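Peer 1: Input file: entry-v8.tsv. Contents: TSV, C-alpha atoms (C1' of nucleotides).
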chain	number	residue	atom	x	y	z
D	1	MET	CA	31.02	13.11	28.56
D	2	ILE	CA	30.38	13.36	32.28
D	3	LEU	CA	28.71	16.77	32.20
D	4	SER	CA	26.43	18.22	29.51
D	5	LYS	CA	27.87	20.96	27.33
D	6	SER	CA	25.51	23.41	29.02
D	7	CYS	CA	26.97	22.44	32.38
D	8	GLU	CA	30.53	22.82	31.14
D	9	TYR	CA	29.72	26.33	29.91
D	10	ALA	CA	27.96	27.03	33.20
D	11	ILE	CA	30.96	26.19	35.36
D	12	ARG	CA	33.32	28.22	33.19
D	13	ALA	CA	30.88	31.15	33.18
D	14	VAL	CA	30.43	31.11	36.95
D	15	VAL	CA	34.18	31.04	37.55
D	16	TYR	CA	34.60	33.99	35.19
D	17	VAL	CA	31.77	35.95	36.81
D	18	ALA	CA	33.18	35.22	40.26
D	19	ALA	CA	36.64	36.39	39.22
D	20	LYS	CA	35.00	39.69	38.27
D	21	THR	CA	32.90	39.83	41.43
D	22	VAL	CA	35.96	39.61	43.67
D	23	LYS	CA	37.21	42.72	41.84
D	24	GLU	CA	33.88	44.40	42.58
D	25	GLU	CA	32.81	44.26	38.95
D	26	ARG	CA	29.67	43.12	37.20
D	27	VAL	CA	29.94	41.56	33.79
D	28	GLY	CA	27.63	41.20	30.78
D	29	ILE	CA	26.68	38.23	28.64
D	30	ILE	CA	28.81	39.24	25.67
D	31	GLU	CA	32.01	39.54	27.68
D	32	ILE	CA	31.34	36.28	29.48
D	33	ALA	CA	30.72	34.38	26.24
D	34	GLU	CA	33.89	35.85	24.75
D	35	ALA	CA	35.93	34.94	27.83
D	36	ILE	CA	34.84	31.31	27.95
D	37	GLY	CA	34.48	30.73	24.19
D	38	SER	CA	30.79	29.95	24.06
D	39	PRO	CA	27.93	31.12	21.82
D	40	VAL	CA	26.54	34.41	23.14
D	41	ALA	CA	22.79	33.72	23.03
D	42	PHE	CA	23.13	30.22	24.40
D	43	THR	CA	25.31	31.52	27.19
D	44	GLY	CA	22.57	34.03	27.97
D	45	LYS	CA	20.12	31.17	28.45
D	46	ILE	CA	22.51	29.35	30.74
D	47	LEU	CA	23.16	32.46	32.82
D	48	GLN	CA	19.40	32.91	33.05
D	49	THR	CA	19.03	29.39	34.44
D	50	LEU	CA	21.86	29.92	36.92
D	51	THR	CA	20.24	33.15	38.10
D	52	ARG	CA	16.84	31.50	38.50
D	53	LYS	CA	18.51	28.75	40.54
D	54	LYS	CA	20.26	31.37	42.72
D	55	VAL	CA	23.75	30.33	41.72
D	56	LEU	CA	24.32	33.77	40.24
D	57	ALA	CA	22.63	37.14	40.64
D	58	SER	CA	22.00	39.74	37.97
D	59	SER	CA	20.82	43.30	37.50
D	60	LYS	CA	19.46	45.00	34.39
D	61	GLY	CA	20.27	48.31	32.81
D	62	PRO	CA	23.47	50.36	32.53
D	63	ASN	CA	26.22	49.07	34.85
D	64	GLY	CA	24.12	45.96	35.17
D	65	GLY	CA	25.32	42.43	34.56
D	66	PHE	CA	25.99	39.22	36.42
D	67	TYR	CA	27.69	38.74	39.75
D	68	ILE	CA	27.80	36.18	42.52
D	69	ILE	CA	26.69	36.88	46.07
D	70	ASP	CA	29.24	34.77	47.94
D	71	PRO	CA	31.72	32.77	45.87
D	72	ALA	CA	32.94	30.93	48.97
D	73	SER	CA	29.54	29.44	49.69
D	74	VAL	CA	28.76	28.22	46.18
D	75	TYR	CA	30.23	24.84	45.29
D	76	LEU	CA	30.69	23.20	41.92
D	77	ILE	CA	28.07	20.65	42.86
D	78	ASP	CA	25.51	23.47	43.06
D	79	ILE	CA	26.22	24.36	39.45
D	80	VAL	CA	26.14	20.74	38.33
D	81	ARG	CA	22.82	20.16	40.09
D	82	ALA	CA	21.36	23.36	38.65
D	83	MET	CA	22.21	22.32	35.10
D	84	ASP	CA	22.27	18.51	34.98
D	85	GLY	CA	20.47	17.47	38.14
D	86	ASN	CA	21.71	14.90	40.63
D	87	GLU	CA	21.54	11.84	38.39
D	88	ILE	CA	25.22	11.68	37.50
D	89	PHE	CA	25.94	10.86	41.13
D	90	THR	CA	23.24	8.24	41.47
D	91	ALA	CA	22.30	6.76	38.08
D	92	CYS	CA	23.31	3.19	37.25
D	93	VAL	CA	26.24	3.09	34.84
D	94	ILE	CA	24.51	0.59	32.56
D	95	GLY	CA	21.15	2.35	32.78
D	96	LEU	CA	19.12	0.14	35.11
D	97	THR	CA	16.49	2.14	36.98
D	98	THR	CA	16.12	-0.38	39.78
D	99	CYS	CA	19.84	-0.83	40.42
D	100	SER	CA	20.75	-0.37	44.10
D	101	ALA	CA	23.03	-1.72	46.81
D	102	GLU	CA	20.43	-4.39	47.60
D	103	ARG	CA	19.80	-5.30	43.99
D	104	PRO	CA	23.00	-4.32	42.22
D	105	CYS	CA	23.85	-4.56	38.55
D	106	PRO	CA	27.07	-6.41	37.69
D	107	MET	CA	29.05	-3.13	37.74
D	108	HIS	CA	27.47	-1.55	40.80
D	109	HIS	CA	30.24	-2.18	43.28
D	110	GLN	CA	32.92	-0.92	40.92
D	111	MET	CA	31.04	2.26	40.08
D	112	LYS	CA	29.91	3.35	43.53
D	113	PRO	CA	33.31	4.62	44.79
D	114	ILE	CA	33.87	6.47	41.52
D	115	ARG	CA	30.55	8.26	41.68
D	116	ASP	CA	31.05	9.01	45.36
D	117	GLN	CA	34.46	10.50	44.66
D	118	LEU	CA	33.00	12.62	41.90
D	119	ARG	CA	30.36	13.95	44.28
D	120	ILE	CA	32.95	14.58	46.98
D	121	ASP	CA	35.23	16.49	44.63
D	122	PHE	CA	32.41	18.66	43.31
D	123	SER	CA	31.07	19.17	46.84
D	124	ASN	CA	34.40	20.25	48.26
D	125	ARG	CA	35.36	22.71	45.56
D	126	SER	CA	33.97	26.19	46.08
D	127	VAL	CA	33.76	28.74	43.32
D	128	TYR	CA	36.05	30.94	45.38
D	129	GLU	CA	38.74	28.26	45.35
D	130	MET	CA	38.29	27.90	41.61
D	131	VAL	CA	38.90	31.62	41.17
D	132	GLN	CA	41.99	31.48	43.35
D	133	ALA	CA	43.42	28.54	41.40
D	134	PHE	CA	42.44	30.34	38.21
D	135	GLU	CA	44.34	33.52	39.13
D	136	GLU	CA	47.36	31.96	40.82
D	137	ASN	CA	48.14	29.46	38.12
D	138	ASN	CA	47.26	31.31	34.96
D	139	TYR	CA	44.51	28.87	34.32
D	140	PHE	CA	42.27	29.55	31.38
D	141	LEU	CA	38.60	29.13	30.58
D	142	LYS	CA	38.42	28.55	26.85
C	1	MET	CA	25.29	10.28	32.37
C	2	ILE	CA	28.74	8.79	32.01
C	3	LEU	CA	27.92	6.48	29.11
C	4	SER	CA	25.53	7.10	26.22
C	5	LYS	CA	22.28	5.17	26.25
C	6	SER	CA	23.54	3.18	23.26
C	7	CYS	CA	26.59	2.17	25.26
C	8	GLU	CA	24.49	1.17	28.25
C	9	TYR	CA	22.37	-1.07	26.01
C	10	ALA	CA	25.54	-2.40	24.40
C	11	ILE	CA	27.09	-3.56	27.66
C	12	ARG	CA	23.88	-5.22	28.80
C	13	ALA	CA	23.45	-6.88	25.40
C	14	VAL	CA	27.00	-8.21	25.33
C	15	VAL	CA	26.69	-9.66	28.82
C	16	TYR	CA	23.46	-11.36	27.83
C	17	VAL	CA	24.92	-12.73	24.60
C	18	ALA	CA	27.99	-13.98	26.47
C	19	ALA	CA	25.84	-15.73	29.06
C	20	LYS	CA	24.23	-17.60	26.16
C	21	THR	CA	27.55	-18.28	24.46
C	22	VAL	CA	28.96	-20.04	27.53
C	23	LYS	CA	25.94	-22.36	27.27
C	24	GLU	CA	26.83	-22.97	23.62
C	25	GLU	CA	23.81	-21.03	22.40
C	26	ARG	CA	23.35	-18.28	19.85
C	27	VAL	CA	20.71	-15.67	20.42
C	28	GLY	CA	18.62	-13.37	18.22
C	29	ILE	CA	17.90	-9.66	18.35
C	30	ILE	CA	14.35	-10.04	19.64
C	31	GLU	CA	15.35	-12.19	22.60
C	32	ILE	CA	18.26	-9.90	23.46
C	33	ALA	CA	16.08	-6.80	23.39
C	34	GLU	CA	13.49	-8.51	25.55
C	35	ALA	CA	16.13	-9.66	28.03
C	36	ILE	CA	17.71	-6.25	28.51
C	37	GLY	CA	14.56	-4.14	28.11
C	38	SER	CA	15.56	-2.15	25.04
C	39	PRO	CA	13.78	-1.28	21.76
C	40	VAL	CA	14.22	-4.12	19.30
C	41	ALA	CA	15.21	-2.23	16.15
C	42	PHE	CA	17.55	0.10	17.99
C	43	THR	CA	19.16	-2.87	19.67
C	44	GLY	CA	19.65	-4.38	16.23
C	45	LYS	CA	21.65	-1.32	15.20
C	46	ILE	CA	23.79	-1.52	18.30
C	47	LEU	CA	24.48	-5.22	17.81
C	48	GLN	CA	25.42	-4.43	14.22
C	49	THR	CA	27.97	-1.87	15.43
C	50	LEU	CA	29.39	-4.28	17.99
C	51	THR	CA	29.74	-6.95	15.31
C	52	ARG	CA	31.47	-4.55	12.92
C	53	LYS	CA	33.87	-3.62	15.73
C	54	LYS	CA	34.56	-7.32	16.44
C	55	VAL	CA	33.18	-7.21	19.96
C	56	LEU	CA	30.53	-9.72	18.97
C	57	ALA	CA	30.14	-12.18	16.10
C	58	SER	CA	26.98	-13.10	14.22
C	59	SER	CA	25.63	-15.50	11.68
C	60	LYS	CA	22.53	-15.24	9.50
C	61	GLY	CA	19.79	-17.67	8.74
C	62	PRO	CA	18.10	-20.40	10.79
C	63	ASN	CA	20.01	-21.20	13.98
C	64	GLY	CA	21.85	-17.98	13.42
C	65	GLY	CA	22.19	-15.17	15.91
C	66	PHE	CA	24.82	-13.39	17.98
C	67	TYR	CA	27.61	-14.92	20.01
C	68	ILE	CA	30.99	-13.90	21.38
C	69	ILE	CA	34.24	-15.54	20.38
C	70	ASP	CA	36.08	-15.37	23.71
C	71	PRO	CA	34.27	-13.67	26.62
C	72	ALA	CA	37.42	-13.76	28.72
C	73	SER	CA	39.39	-11.64	26.29
C	74	VAL	CA	36.78	-8.90	25.77
C	75	TYR	CA	36.79	-6.17	28.39
C	76	LEU	CA	34.15	-3.56	29.18
C	77	ILE	CA	36.48	-0.89	27.89
C	78	ASP	CA	36.32	-2.51	24.46
C	79	ILE	CA	32.54	-2.06	24.43
C	80	VAL	CA	32.78	1.51	25.71
C	81	ARG	CA	35.36	2.43	23.08
C	82	ALA	CA	33.31	0.76	20.34
C	83	MET	CA	30.22	2.79	21.22
C	84	ASP	CA	31.38	6.06	22.79
C	85	GLY	CA	35.04	6.26	21.84
C	86	ASN	CA	37.87	7.05	24.23
C	87	GLU	CA	36.88	10.62	25.10
C	88	ILE	CA	35.26	9.88	28.43
C	89	PHE	CA	38.68	8.87	29.74
C	90	THR	CA	40.50	11.90	28.36
C	91	ALA	CA	38.13	14.83	27.79
C	92	CYS	CA	38.32	17.87	30.06
C	93	VAL	CA	35.47	17.92	32.56
C	94	ILE	CA	34.65	21.56	31.79
C	95	GLY	CA	35.04	21.12	28.04
C	96	LEU	CA	38.39	22.74	27.28
C	97	THR	CA	40.06	21.18	24.25
C	98	THR	CA	43.56	22.32	25.18
C	99	CYS	CA	43.40	21.17	28.81
C	100	SER	CA	46.38	18.99	29.77
C	101	ALA	CA	48.76	18.27	32.62
C	102	GLU	CA	51.00	21.10	31.40
C	103	ARG	CA	48.17	23.56	30.88
C	104	PRO	CA	45.47	22.35	33.22
C	105	CYS	CA	42.01	23.76	33.80
C	106	PRO	CA	41.09	24.55	37.40
C	107	MET	CA	39.56	21.10	37.88
C	108	HIS	CA	42.18	19.05	36.07
C	109	HIS	CA	44.00	17.65	39.08
C	110	GLN	CA	40.80	16.62	40.81
C	111	MET	CA	39.41	14.89	37.73
C	112	LYS	CA	42.45	12.94	36.59
C	113	PRO	CA	42.36	10.23	39.27
C	114	ILE	CA	38.63	9.78	38.75
C	115	ARG	CA	38.95	9.31	35.01
C	116	ASP	CA	41.94	7.02	35.51
C	117	GLN	CA	40.01	4.88	37.96
C	118	LEU	CA	37.12	4.67	35.52
C	119	ARG	CA	39.47	3.47	32.80
C	120	ILE	CA	41.11	0.99	35.15
C	121	ASP	CA	37.78	-0.47	36.25
C	122	PHE	CA	36.53	-0.83	32.69
C	123	SER	CA	39.89	-2.25	31.59
C	124	ASN	CA	40.04	-4.86	34.31
C	125	ARG	CA	36.52	-6.18	33.94
C	126	SER	CA	36.15	-8.89	31.32
C	127	VAL	CA	32.82	-9.87	29.86
C	128	TYR	CA	33.41	-13.35	31.25
C	129	GLU	CA	33.66	-11.97	34.78
C	130	MET	CA	30.49	-10.01	34.18
C	131	VAL	CA	28.69	-13.19	33.20
C	132	GLN	CA	30.00	-15.00	36.29
C	133	ALA	CA	28.87	-12.20	38.57
C	134	PHE	CA	25.58	-12.13	36.70
C	135	GLU	CA	24.89	-15.83	37.23
C	136	GLU	CA	26.27	-16.21	40.75
C	137	ASN	CA	24.48	-13.25	42.26
C	138	ASN	CA	21.17	-13.24	40.48
C	139	TYR	CA	22.06	-9.98	38.87
C	140	PHE	CA	19.68	-8.64	36.29
C	141	LEU	CA	19.95	-6.74	33.04
C	142	LYS	CA	16.77	-4.68	32.77
S	1	DA	C1'	10.26	62.07	30.83
S	2	DG	C1'	13.16	60.02	27.20
S	3	DA	C1'	17.06	57.45	25.47
S	4	DA	C1'	20.26	53.97	26.23
S	5	DT	C1'	21.62	49.76	28.38
S	6	DA	C1'	21.26	45.02	29.69
S	7	DA	C1'	18.94	40.94	31.29
S	8	DA	C1'	14.42	38.05	30.82
S	9	DA	C1'	11.37	35.62	28.09
S	10	DG	C1'	9.55	33.35	24.26
S	11	DA	C1'	9.60	31.61	19.62
S	12	DT	C1'	12.42	29.24	16.20
S	13	DA	C1'	16.16	26.76	14.17
S	14	DT	C1'	19.83	23.20	13.93
S	15	DA	C1'	22.30	19.11	15.33
S	16	DT	C1'	22.65	14.91	17.67
S	17	DT	C1'	20.88	10.95	19.77
S	18	DT	C1'	17.51	7.68	20.06
S	19	DG	C1'	14.18	4.89	17.87
S	20	DT	C1'	11.37	2.74	13.75
S	21	DC	C1'	10.37	0.68	9.37
S	22	DT	C1'	11.34	-1.47	4.97
S	23	DT	C1'	14.21	-3.84	1.88
S	24	DC	C1'	18.28	-6.61	0.96
S	25	DT	C1'	21.49	-10.45	1.65
S	26	DA	C1'	23.21	-14.70	3.58
S	27	DT	C1'	22.26	-19.16	5.55
S	28	DT	C1'	19.79	-23.29	6.61
S	29	DA	C1'	16.78	-27.04	5.97
S	30	DA	C1'	13.22	-29.48	3.74
X	1	DT	C1'	16.00	-25.19	-5.40
X	2	DT	C1'	12.69	-23.11	-2.81
X	3	DA	C1'	10.81	-21.41	1.59
X	4	DA	C1'	11.87	-19.83	5.97
X	5	DT	C1'	14.93	-17.59	9.08
X	6	DA	C1'	17.79	-13.98	10.75
X	7	DG	C1'	21.19	-10.34	10.49
X	8	DA	C1'	22.77	-6.07	7.44
X	9	DA	C1'	21.80	-1.85	5.51
X	10	DG	C1'	19.49	2.29	4.44
X	11	DA	C1'	15.80	5.60	4.77
X	12	DC	C1'	12.94	7.82	7.84
X	13	DA	C1'	10.86	9.71	12.39
X	14	DA	C1'	10.82	11.43	17.14
X	15	DA	C1'	12.99	13.33	21.07
X	16	DT	C1'	16.47	15.94	23.17
X	17	DA	C1'	20.30	19.11	23.36
X	18	DT	C1'	22.38	22.95	21.48
X	19	DA	C1'	22.06	27.43	19.35
X	20	DT	C1'	19.79	31.79	17.44
X	21	DC	C1'	16.67	35.64	16.99
X	22	DT	C1'	13.15	38.90	18.43
X	23	DT	C1'	10.44	41.18	21.79
X	24	DT	C1'	9.72	42.58	26.50
X	25	DT	C1'	10.93	44.35	31.02
X	26	DA	C1'	13.79	46.64	34.34
X	27	DT	C1'	17.31	50.02	35.36
X	28	DT	C1'	20.25	54.00	34.81
X	29	DC	C1'	21.65	58.33	33.17
X	30	DT	C1'	20.81	62.67	30.99
What does this structure look like when you write it as structure tokens?

Peer 2:
Amino acid sequence: MILSKSCEYAIRAVVYVAAKTVKEERVGIIEIAEAIGSPVAFTGKILQTLTRKKVLASSKGPNGGFYIIDPASVYLIDIVRAMDGNEIFTACVIGLTTCSAERPCPMHHQMKPIRDQLRIDFSNRSVYEMVQAFEENNYFLK
Amino acid sequence: MILSKSCEYAIRAVVYVAAKTVKEERVGIIEIAEAIGSPVAFTGKILQTLTRKKVLASSKGPNGGFYIIDPASVYLIDIVRAMDGNEIFTACVIGLTTCSAERPCPMHHQMKPIRDQLRIDFSNRSVYEMVQAFEENNYFLK
DNA sequence: AGAATAAAAGATATATTTGTCTTCTATTAA
DNA sequence: TTAATAGAAGACAAATATATCTTTTATTCT
């Protein structure tokens, strides 16, 4: 499992929120959880984290809910870093803390391009593009 | 984290055992754990799993210990599958169970080549090659 | 101002992964 | 054939990730 379950939920939630935002709508925890097939309370916690980390924004009270300031300037890597940190792009595949280009583990040279590609793909994909793909191709989130 | 901690330990342990096997030696749990920097009892459990799955072989009693039948015919993917299963090569990156080429999630087409490359790298790398790299380049396992 | 709405925050609960400890079984060698 | 060695197996413990529940705070609408 490349990403934690929390991070998987997070990406799906952000894409759903952004799809609403582009229609000028805010959306609540319950609807989000229903849309992405995740437990409501746990999803609330994740949305809280994303809001604290400025990936999403929220407002309380009637007509409140979650939204995203600028879907085109938030990239998947921002969500991944908010939830799981940067380690998946840097950590040694066999768990050696001191593994590096200078002192590589036996798998280092095989793994580097894979991790780099992962970072590149997450860095290049904006939430806005995800929403577009989502709407154009009848993609789904649960 | 691409691989579980158990799987990381497993790969390091198998490489260490194989390095001993090519010198016609068997090696015990305590020495293995010391060599790869892992907790002894937990390492015992992992070695047990690897033996049950035929990745390693073992014998009890004095002069007993772990060894590997044919390092050249065991590939990293065998260790990964023994410990973590096949999911890391197939599971949807955002956690959708029904994600497939026909009904892809918004990240499917980006992730496929990465997962394929991961599988290819693990499939092409034999334990014997790992040992060679390990010995030739002063690689390390902890 | 008061009631309703909705997220934030904190305390708990459950499940999984990681790690430990004790006993059992097989093997070897004296 | 007995003592020592070493893995196998099972019970238990700790840490982390996932999930739930309750209370608080902010906002809106009447």

Peer 1: Choose the residue, out of S:DT28, S:DT5, S:DT20, S:DT14, that has the smallest atom-to-atom separation from D:Gly65; count only C-alpha atoms (C1' of nucleotides).

Peer 2: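 Comparing S:DT28, S:DT5, S:DT20, S:DT14 against D:Gly65, the winner is S:DT5.
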
Peer 1: Pick out the residues sitting within 9 Å of D:Asp78, and hand them over as an MDAnalysis selection string; count all atoms listed in the file, and ignore anything fewer than 4 positions along from it in its own chain.

Peer 2: chainID D and resid 55 74 82:83 122:123

Peer 1: Applying 12 Å and all atoms listed in the file, which residues near C:Lys45 remain after dropping the ones on its own chain fewer than 2 positions away? List them as a ChimeraX atom specification.

Peer 2: /C:6-7,9-10,13,29,33,38-43,47-52,83 /S:18-20 /X:7-10

Peer 1: How would chain D read as a short mmCIF file (atom, residue, chain, number, x, y, z; two decimals) with C-alpha atoms, keeping the file's coordinate frame once least-squares superposed on chain C using all paired C-alpha atoms?

Peer 2:
data_model
loop_
_atom_site.label_atom_id
_atom_site.label_comp_id
_atom_site.auth_asym_id
_atom_site.auth_seq_id
_atom_site.Cartn_x
_atom_site.Cartn_y
_atom_site.Cartn_z
CA MET D 1 25.27 10.29 32.39
CA ILE D 2 28.73 8.80 32.02
CA LEU D 3 27.90 6.49 29.12
CA SER D 4 25.49 7.11 26.23
CA LYS D 5 22.25 5.16 26.25
CA SER D 6 23.51 3.20 23.26
CA CYS D 7 26.56 2.18 25.27
CA GLU D 8 24.47 1.15 28.26
CA TYR D 9 22.35 -1.07 26.00
CA ALA D 10 25.53 -2.39 24.40
CA ILE D 11 27.08 -3.56 27.65
CA ARG D 12 23.86 -5.21 28.80
CA ALA D 13 23.44 -6.88 25.40
CA VAL D 14 27.00 -8.20 25.33
CA VAL D 15 26.69 -9.65 28.83
CA TYR D 16 23.44 -11.36 27.82
CA VAL D 17 24.92 -12.72 24.59
CA ALA D 18 27.98 -13.96 26.47
CA ALA D 19 25.83 -15.71 29.06
CA LYS D 20 24.24 -17.58 26.16
CA THR D 21 27.56 -18.26 24.46
CA VAL D 22 28.96 -20.01 27.53
CA LYS D 23 25.95 -22.34 27.26
CA GLU D 24 26.84 -22.94 23.61
CA GLU D 25 23.83 -21.01 22.38
CA ARG D 26 23.35 -18.27 19.83
CA VAL D 27 20.71 -15.67 20.41
CA GLY D 28 18.62 -13.37 18.19
CA ILE D 29 17.90 -9.66 18.34
CA ILE D 30 14.35 -10.05 19.62
CA GLU D 31 15.33 -12.19 22.59
CA ILE D 32 18.23 -9.91 23.44
CA ALA D 33 16.06 -6.79 23.36
CA GLU D 34 13.46 -8.51 25.53
CA ALA D 35 16.10 -9.66 28.02
CA ILE D 36 17.69 -6.25 28.50
CA GLY D 37 14.54 -4.13 28.08
CA SER D 38 15.55 -2.16 25.02
CA PRO D 39 13.78 -1.29 21.75
CA VAL D 40 14.20 -4.16 19.27
CA ALA D 41 15.21 -2.26 16.12
CA PHE D 42 17.56 0.06 17.96
CA THR D 43 19.16 -2.91 19.66
CA GLY D 44 19.66 -4.43 16.22
CA LYS D 45 21.64 -1.36 15.18
CA ILE D 46 23.78 -1.54 18.29
CA LEU D 47 24.48 -5.24 17.81
CA GLN D 48 25.42 -4.45 14.22
CA THR D 49 27.96 -1.88 15.41
CA LEU D 50 29.38 -4.28 17.99
CA THR D 51 29.74 -6.96 15.32
CA ARG D 52 31.46 -4.57 12.92
CA LYS D 53 33.86 -3.61 15.72
CA LYS D 54 34.55 -7.31 16.45
CA VAL D 55 33.17 -7.20 19.96
CA LEU D 56 30.53 -9.73 18.97
CA ALA D 57 30.16 -12.18 16.11
CA SER D 58 26.99 -13.11 14.26
CA SER D 59 25.64 -15.56 11.71
CA LYS D 60 22.55 -15.30 9.52
CA GLY D 61 19.80 -17.75 8.80
CA PRO D 62 18.11 -20.47 10.87
CA ASN D 63 20.01 -21.23 14.09
CA GLY D 64 21.85 -18.00 13.45
CA GLY D 65 22.20 -15.16 15.91
CA PHE D 66 24.82 -13.40 17.98
CA TYR D 67 27.62 -14.90 20.00
CA ILE D 68 30.98 -13.87 21.37
CA ILE D 69 34.24 -15.52 20.38
CA ASP D 70 36.06 -15.33 23.71
CA PRO D 71 34.27 -13.64 26.60
CA ALA D 72 37.43 -13.73 28.72
CA SER D 73 39.38 -11.60 26.28
CA VAL D 74 36.78 -8.89 25.76
CA TYR D 75 36.76 -6.15 28.38
CA LEU D 76 34.13 -3.55 29.17
CA ILE D 77 36.46 -0.88 27.89
CA ASP D 78 36.30 -2.49 24.44
CA ILE D 79 32.54 -2.04 24.42
CA VAL D 80 32.75 1.52 25.71
CA ARG D 81 35.33 2.43 23.06
CA ALA D 82 33.28 0.77 20.32
CA MET D 83 30.20 2.80 21.21
CA ASP D 84 31.36 6.07 22.79
CA GLY D 85 35.01 6.29 21.84
CA ASN D 86 37.86 7.06 24.21
CA GLU D 87 36.89 10.62 25.10
CA ILE D 88 35.27 9.87 28.44
CA PHE D 89 38.69 8.87 29.74
CA THR D 90 40.51 11.88 28.36
CA ALA D 91 38.14 14.82 27.81
CA CYS D 92 38.35 17.85 30.09
CA VAL D 93 35.50 17.91 32.60
CA ILE D 94 34.67 21.54 31.83
CA GLY D 95 35.06 21.09 28.08
CA LEU D 96 38.41 22.72 27.32
CA THR D 97 40.06 21.15 24.27
CA THR D 98 43.54 22.30 25.19
CA CYS D 99 43.41 21.17 28.82
CA SER D 100 46.40 18.99 29.78
CA ALA D 101 48.79 18.28 32.63
CA GLU D 102 51.02 21.12 31.40
CA ARG D 103 48.18 23.55 30.88
CA PRO D 104 45.49 22.35 33.25
CA CYS D 105 42.02 23.74 33.81
CA PRO D 106 41.11 24.57 37.42
CA MET D 107 39.58 21.09 37.91
CA HIS D 108 42.21 19.05 36.09
CA HIS D 109 44.03 17.66 39.08
CA GLN D 110 40.83 16.63 40.82
CA MET D 111 39.43 14.89 37.75
CA LYS D 112 42.47 12.96 36.58
CA PRO D 113 42.40 10.22 39.28
CA ILE D 114 38.66 9.77 38.76
CA ARG D 115 38.98 9.31 35.03
CA ASP D 116 41.97 7.02 35.50
CA GLN D 117 40.03 4.88 37.95
CA LEU D 118 37.14 4.68 35.53
CA ARG D 119 39.48 3.48 32.79
CA ILE D 120 41.12 0.99 35.13
CA ASP D 121 37.80 -0.46 36.24
CA PHE D 122 36.53 -0.83 32.68
CA SER D 123 39.89 -2.23 31.56
CA ASN D 124 40.04 -4.84 34.28
CA ARG D 125 36.52 -6.18 33.94
CA SER D 126 36.15 -8.88 31.32
CA VAL D 127 32.82 -9.87 29.86
CA TYR D 128 33.42 -13.34 31.24
CA GLU D 129 33.67 -11.96 34.77
CA MET D 130 30.49 -10.00 34.18
CA VAL D 131 28.69 -13.19 33.21
CA GLN D 132 30.00 -14.99 36.27
CA ALA D 133 28.88 -12.19 38.59
CA PHE D 134 25.59 -12.11 36.69
CA GLU D 135 24.91 -15.83 37.23
CA GLU D 136 26.27 -16.20 40.75
CA ASN D 137 24.47 -13.25 42.24
CA ASN D 138 21.17 -13.26 40.42
CA TYR D 139 22.05 -10.00 38.84
CA PHE D 140 19.67 -8.64 36.27
CA LEU D 141 19.94 -6.72 33.03
CA LYS D 142 16.78 -4.67 32.78
#

Peer 1: What's the 7 Å shell around D:Ile32, counting all atoms listed in the file, without same-chain residues fewer than 4 positions away, as a ChimeraX atom specification?

Peer 2: /D:13,16,27-28,36

Peer 1: May I ask you to extract the residues of chain C within 7 Å of chain D, using all atoms listed in the file, and to give them as a PDB file with C-alpha atoms, in the frame of the given file?

Peer 2:
ATOM      1  CA  MET C   1      25.290  10.280  32.370  1.00  0.00           C
ATOM      2  CA  ILE C   2      28.740   8.790  32.010  1.00  0.00           C
ATOM      3  CA  LEU C   3      27.920   6.480  29.110  1.00  0.00           C
ATOM      4  CA  GLU C   8      24.490   1.170  28.250  1.00  0.00           C
ATOM      5  CA  ILE C  11      27.090  -3.560  27.660  1.00  0.00           C
ATOM      6  CA  ARG C  12      23.880  -5.220  28.800  1.00  0.00           C
ATOM      7  CA  ILE C  88      35.260   9.880  28.430  1.00  0.00           C
ATOM      8  CA  VAL C  93      35.470  17.920  32.560  1.00  0.00           C
ATOM      9  CA  ILE C  94      34.650  21.560  31.790  1.00  0.00           C
ATOM     10  CA  GLY C  95      35.040  21.120  28.040  1.00  0.00           C
ATOM     11  CA  LEU C  96      38.390  22.740  27.280  1.00  0.00           C
ATOM     12  CA  PRO C 104      45.470  22.350  33.220  1.00  0.00           C
ATOM     13  CA  CYS C 105      42.010  23.760  33.800  1.00  0.00           C
ATOM     14  CA  PRO C 106      41.090  24.550  37.400  1.00  0.00           C
ATOM     15  CA  GLN C 110      40.800  16.620  40.810  1.00  0.00           C
ATOM     16  CA  ILE C 114      38.630   9.780  38.750  1.00  0.00           C
ATOM     17  CA  ASP C 121      37.780  -0.470  36.250  1.00  0.00           C
ATOM     18  CA  MET C 130      30.490 -10.010  34.180  1.00  0.00           C
ATOM     19  CA  ALA C 133      28.870 -12.200  38.570  1.00  0.00           C
ATOM     20  CA  PHE C 134      25.580 -12.130  36.700  1.00  0.00           C
ATOM     21  CA  TYR C 139      22.060  -9.980  38.870  1.00  0.00           C
ATOM     22  CA  PHE C 140      19.680  -8.640  36.290  1.00  0.00           C
ATOM     23  CA  LYS C 142      16.770  -4.680  32.770  1.00  0.00           C
TER      24      LYS C 142
END

Peer 1: Please, what distance in Å, to one decimal, runs between atom CA of D:Glu34 and atom C1' of X:DT22?

Peer 2: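 Separation of atom CA of D:Glu34 and atom C1' of X:DT22: 21.9 Å.
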
Peer 1: Give me, as a list in words, all polymer residues having an atom no more than 12 Å from X:DT24, counting only C-alpha atoms (C1' of nucleotides) and skipping those fewer than 2 positions away in the same chain.

Peer 2: DA7, DA8, DA9 and DG10 of chain S; DT22 and DA26 of chain X

Peer 1: Mind checking which residues fall within 12 Å of S:DA11, counting only C-alpha atoms (C1' of nucleotides), ignoring those fewer than 6 positions away in the same chain, and posting them as a count of residues only?

Peer 2: 4

Peer 1: For chain C against chain S, which residues fall within 6 Å using all atoms listed in the file, given as a PDB file with C-alpha atoms, keeping the file's coordinate frame?

Peer 2:
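Result file out14.pdb:
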ATOM      1  CA  PHE C  42      17.550   0.100  17.990  1.00  0.00           C
ATOM      2  CA  LYS C  60      22.530 -15.240   9.500  1.00  0.00           C
ATOM      3  CA  GLY C  61      19.790 -17.670   8.740  1.00  0.00           C
ATOM      4  CA  PRO C  62      18.100 -20.400  10.790  1.00  0.00           C
TER       5      PRO C  62
END
